[in-house]
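In what follows, a single structure is set out as structure tokens and then discussed.
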Amino acid sequence: MSKQRTKLVVGNWKMHGRLADNAVLLEAVAQGVRGLQGAVKVGVCVPHPYLAQTQALLAGSPVQWGSQDVSAHEQGAYTGEVAADMVAEFAATLAIVGHSERRGYHHESADVVGIKAERALAAGLTPIVCVGETLEQHEAGLAQQVVGGQLDAVLAKLSPADAARIVVAYEPVWAIGTGKSATAAQAQDVHAFLRARLAQKGAAVGAVTLLYGGSVKPENAQELFGQQDIDGGLIGGASLKAQDFLAICSAAAAAL
Ligand code: PEP
């Protein structure tokens, strides 16, 4: 069983959703989470255009919401970008930064991810900093080296007080959307490594919430979340089905 840190489960909708479908999903999640009676913190990170709808439907519920990215810039001539302050205006509290799909498809460097984490914090958002190795790096035994470097680039930009406010999500790229999750033991190994690395910046930083992401499903969630250093999950595909997402949230409660 894991230590008694509060569990956190966050859905990453990626580029999915339409107003009508979102309404059904958000209402079901808000309703279902009430049954957990606060045992688990739950959030959803939605596409930017749906922040207003999400705010309207989740306000007053225990579910938090946020974005899947923020700009590295505060404001200005950056067409298509969305500033962290803009996200915060919708009463959002979360912002994913450094998702592997952004690092990969949009060539975001480790340095840019660090700046995005800073921007999110400055706007009062909790950055969920994603780190993870590719299949090639995994097979070459480089997982710790890669995730350590990605984490260091973020920590280098933050004071210990700010670093203690982040959430870190270990998401092996080879496990995202593939149906092939890391085993609980593999994930725990990397989480223990990340926690030790965080703790080098201070005890409070070592206690930050560490999520696992990559093909989490109702069937494997409890075993993953029961590991010593796994404080919950970042959930992609399964967060689009209320029943699966709520089952994963219940698994987090059962792993406490
Ligand atoms: C993700 O995109 O953050 C993710 C974990 O995706 P999936 O759960 O679909 O693997």
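Just remember, in the structure tokens the first chain shown is A, the second B, etc., residues are 1-based per chain, and ligands are 1-based in the order shown.
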* **DSSP helix (DSSP H, G or I) residues within segment 17-253 of chain A, listed as a PyMOL selection string** => chain A and resi 19-34+48-58+84-88+100-105+110-122+135-139+143-155+160-163+173-175+184-199+203-206+218-225+237-240+242-253
* Asked: Which neighbours of Trp65 of chain A fall inside 12 Å, counting only C-alpha atoms, when residues of the same chain fewer than 2 positions from it are skipped, and could you give them as JSON, numbers by chain?
  -> {"A": [9, 10, 11, 12, 13, 26, 29, 30, 41, 42, 43, 44, 45, 46, 47, 48, 50, 51, 52, 53, 54, 55, 56, 57, 58, 59, 60, 61, 62, 63, 67, 68, 87, 88, 89, 90, 91, 92, 93, 94, 95, 96, 125, 126, 127, 128]}
* **Neighbour list for segment 170-186 of chain A as a PyMOL selection string, cut-off 6 Å, only C-alpha atoms, skip fewer than 2 positions in-chain** => chain A and resi 130-135+188-189+212-215+224
* Find, counting only C-alpha atoms and all ligand atoms, the residue in A:Asp69, A:Val146, A:Leu194, A:Ile166 that gets nearest to ligand 1. => A:Asp69
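With distances restricted to only C-alpha atoms, A:Leu121 is the closest residue to Val70 of chain A from A:Val33, A:Leu121, A:Ala242, A:Val40.
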* To do: Can you work out the spacing between atom CA of Val167 of chain A and atom CA of Asp231 of chain A in Å, to one decimal?
  =>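 Value for the atom CA of Val167 of chain A-atom CA of Asp231 of chain A distance: 9.9 Å.
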* Would you give me, as number ranges by chain, the residues in segment 207-248 of chain A that DSSP reads as strand (DSSP E)? -> A: 209-213, 232-235
* Asked: With distances taken over only C-alpha atoms and all ligand atoms, which of A:Cys249, A:Ala199, A:Ala72, A:Ala169 is nearest to ligand 1?
  ->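 Counting only C-alpha atoms and all ligand atoms, the residue closest to ligand 1 is A:Ala169.
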